[in-house]
Amino acid sequence: MLREAGYRVRRDSKELIVADQDNDVEFFYLRPRDVALYVGKGQVDAGITGRDLLLDSGSTATEVMGLGFGGSTFRFAGRPGEASSAADLDGRRVATSYAGLVRSHLEAKGVTADVVRLDGAVETAITLGVADAIADVVETGTTLRQQGLEVFGEPILRSEAVLIRRADASEGGIDVLHRRLTGVVTAREYVLLDYDCPAAIVEQAVQLTPGLESPTVSTLHDETWCAVRSMVPRGRTNRIMDELYDLGARAILVTEITACRL
Ligand SMILES: Nc1ncnc2c1ncn2[C@@H]1O[C@H](COP(=O)(O)OP(=O)(O)OP(=O)(O)O)[C@@H](O)[C@H]1O
Ligand SMILES: O=P(O)(O)OC[C@H]1O[C@H](OP(=O)(O)OP(=O)(O)O)[C@H](O)[C@@H]1O
Ligand SMILES: [Mg+2]
């Protein structure tokens, strides 16, 4: 995403610092867990990490925007039928790599549990007898299923990769980074739709394609027809094309957005 946003990125994974002189930015390649700490302590102006790791760290850094990848939920899990909500964890042991996040969640629910902090592979903690339940990242649920575990209770958190910034930062450079990444996310999430439609149905047609601000409508040489251009969510493109066609629109074209600034 940084490359798409026009920044210099590292060429091999051993490079830990990259100076991007054209953009006047220095990039530090840190562990996901350490990013919020560096940003919070003020040595680094902005960072990219998981929302779950930001909250777990207790850092004063703040979330600027979701980046649309690395999506997961953070959930309690245990042996089937043993617990159905966080309240059932009272007086029990919960293993997790996200002790800060789990402690503050349990505290908010008024539950007193023994939080066992592990580095990873927490799904094994129940089998090996160090915990009664776990709290961990769940994406597809494959890891839990393989261990014969089931999620229970409400999701603790929905996470994804996020751009974070120092709480007191007012650097212009971060605003540029934020705008550029917003452009990359938008270019990934939207496509550009062009179509022709009879002028008589243009009001109905633009309701299907309202765009971000408002669609561009131009008159064709044949003045009984209009040309419409609008951004539409990528995932709904074909449905919208079907609906436009049914309405009477023709010459419906989809174009990729390479980059944009909103
Ligand atoms: N299966 C997954 N699907 C989606 N996101 C995930 C998944 N596993 C971990 N994450 C996310 O990745 C981030 C943690 O990254 P990662 O697992 O690479 O960290 P780490 O294990 O601490 O790092 P490292 O492997 O470098 O030691 C968290 O924000 C977490 O939500
Ligand atoms: O729901 P799933 O698709 O199975 O994905 C979730 C699993 O992925 C992560 O583990 P990771 O590979 O990062 O291992 P770790 O916990 O040991 O760091 C996470 O901790 C879960 O175990
Ligand atoms: Mg990991």
# chains A, B, ... in the order shown; residues from 1 in each chain; ligands from 1
$ residues_around --residues "segment 127-139 of chain A" --least-positions-apart "2" --cutoff "6 Å" --atoms "only C-alpha atoms" --output "PDB file with C-alpha atoms, in the first residue's frame"
ATOM      1  CA  SER A  72     -10.071 -10.600  12.322  1.00  0.00           C
ATOM      2  CA  THR A  73     -12.218 -10.793  15.421  1.00  0.00           C
ATOM      3  CA  PHE A  74     -10.828 -11.190  18.897  1.00  0.00           C
ATOM      4  CA  ARG A  75     -12.804 -13.808  20.827  1.00  0.00           C
ATOM      5  CA  PHE A  76     -13.035 -16.076  23.818  1.00  0.00           C
ATOM      6  CA  ALA A  77     -12.973 -19.796  23.079  1.00  0.00           C
ATOM      7  CA  GLY A  78     -13.078 -22.980  25.098  1.00  0.00           C
ATOM      8  CA  ARG A  93      -7.861 -19.074  33.959  1.00  0.00           C
ATOM      9  CA  VAL A  94      -7.777 -17.419  30.512  1.00  0.00           C
ATOM     10  CA  ALA A  95      -4.707 -17.773  28.272  1.00  0.00           C
ATOM     11  CA  THR A  96      -3.911 -15.063  25.734  1.00  0.00           C
ATOM     12  CA  THR A 124      -2.931 -25.459  23.011  1.00  0.00           C
ATOM     13  CA  ALA A 125      -3.103 -23.937  26.505  1.00  0.00           C
ATOM     14  CA  GLY A 141     -11.712 -20.360  12.739  1.00  0.00           C
TER      15      GLY A 141
END
$ residues_around --residues "Ser218 of chain A" --least-positions-apart "6" --cutoff "8 Å" --atoms "only C-alpha atoms" --output "mmCIF file with N, CA and C atoms, in the first residue's frame"
data_model
loop_
_atom_site.group_PDB
_atom_site.id
_atom_site.type_symbol
_atom_site.label_atom_id
_atom_site.label_comp_id
_atom_site.auth_asym_id
_atom_site.auth_seq_id
_atom_site.Cartn_x
_atom_site.Cartn_y
_atom_site.Cartn_z
ATOM 1 N N CYS A 226 -28.210 10.469 -22.109
ATOM 2 C CA CYS A 226 -27.185 11.048 -21.224
ATOM 3 C C CYS A 226 -26.055 10.045 -21.036
ATOM 4 N N ALA A 227 -24.874 10.568 -20.695
ATOM 5 C CA ALA A 227 -23.755 9.718 -20.267
ATOM 6 C C ALA A 227 -23.560 9.989 -18.771
ATOM 7 N N VAL A 228 -23.392 8.918 -18.002
ATOM 8 C CA VAL A 228 -23.220 9.069 -16.557
ATOM 9 C C VAL A 228 -21.901 8.431 -16.138
#
$ residues_near_ligand --ligand "ligand 3" --cutoff "9 Å" --atoms "only C-alpha atoms and all ligand atoms" --output "PyMOL selection string"
chain A and resi 119-121
$ residues_around --residues "Asp88 of chain A" --least-positions-apart "6" --cutoff "10 Å" --atoms "only C-alpha atoms" --output "MDAnalysis selection string"
chainID A and resid 82 111 113 153
$ write_last_selection --atoms "N, CA and C atoms" --output "PDB file, in the first residue's frame"
ATOM      1  N   GLU A  82     -18.594 -25.472  27.815  1.00  0.00           N
ATOM      2  CA  GLU A  82     -18.055 -25.162  29.147  1.00  0.00           C
ATOM      3  C   GLU A  82     -18.352 -23.732  29.602  1.00  0.00           C
ATOM      4  N   VAL A 111     -15.634  -9.041  35.736  1.00  0.00           N
ATOM      5  CA  VAL A 111     -15.268 -10.454  35.889  1.00  0.00           C
ATOM      6  C   VAL A 111     -13.841 -10.549  36.429  1.00  0.00           C
ATOM      7  N   ALA A 113     -10.778 -12.882  36.624  1.00  0.00           N
ATOM      8  CA  ALA A 113     -10.204 -14.136  36.121  1.00  0.00           C
ATOM      9  C   ALA A 113      -8.688 -14.020  36.163  1.00  0.00           C
ATOM     10  N   GLY A 153     -19.536 -16.269  23.818  1.00  0.00           N
ATOM     11  CA  GLY A 153     -19.711 -14.863  24.206  1.00  0.00           C
ATOM     12  C   GLY A 153     -19.650 -13.927  23.006  1.00  0.00           C
TER      13      GLY A 153
END
$ residues_near_ligand --ligand "ligand 1" --cutoff "6 Å" --atoms "only C-alpha atoms and all ligand atoms" --output "list in words"
Arg31, Pro32, Arg33, Gly50, Arg51, Asp52, Leu53, Gly70, Gly71, Ser72, Val137, Glu139 and Ser159 of chain A
$ closest_residue --among "A:Thr224, A:Asn238, A:Thr258, A:Thr142" --to "ligand 2" --atoms "only C-alpha atoms and all ligand atoms"
A:Thr142
$ residues_around --residues "Val217 of chain A" --least-positions-apart "3" --cutoff "12 Å" --atoms "only C-alpha atoms" --output "number ranges by chain"
A: 194-199, 202-203, 205-206, 209-211, 214, 220, 225-230
$ select_by_dssp --residues "segment 10-255 of chain A" --states "alpha helix (DSSP H)" --output "PyMOL selection string"
chain A and resi 32-41+51-57+99-109+142-146+172-189+202-208+237-247
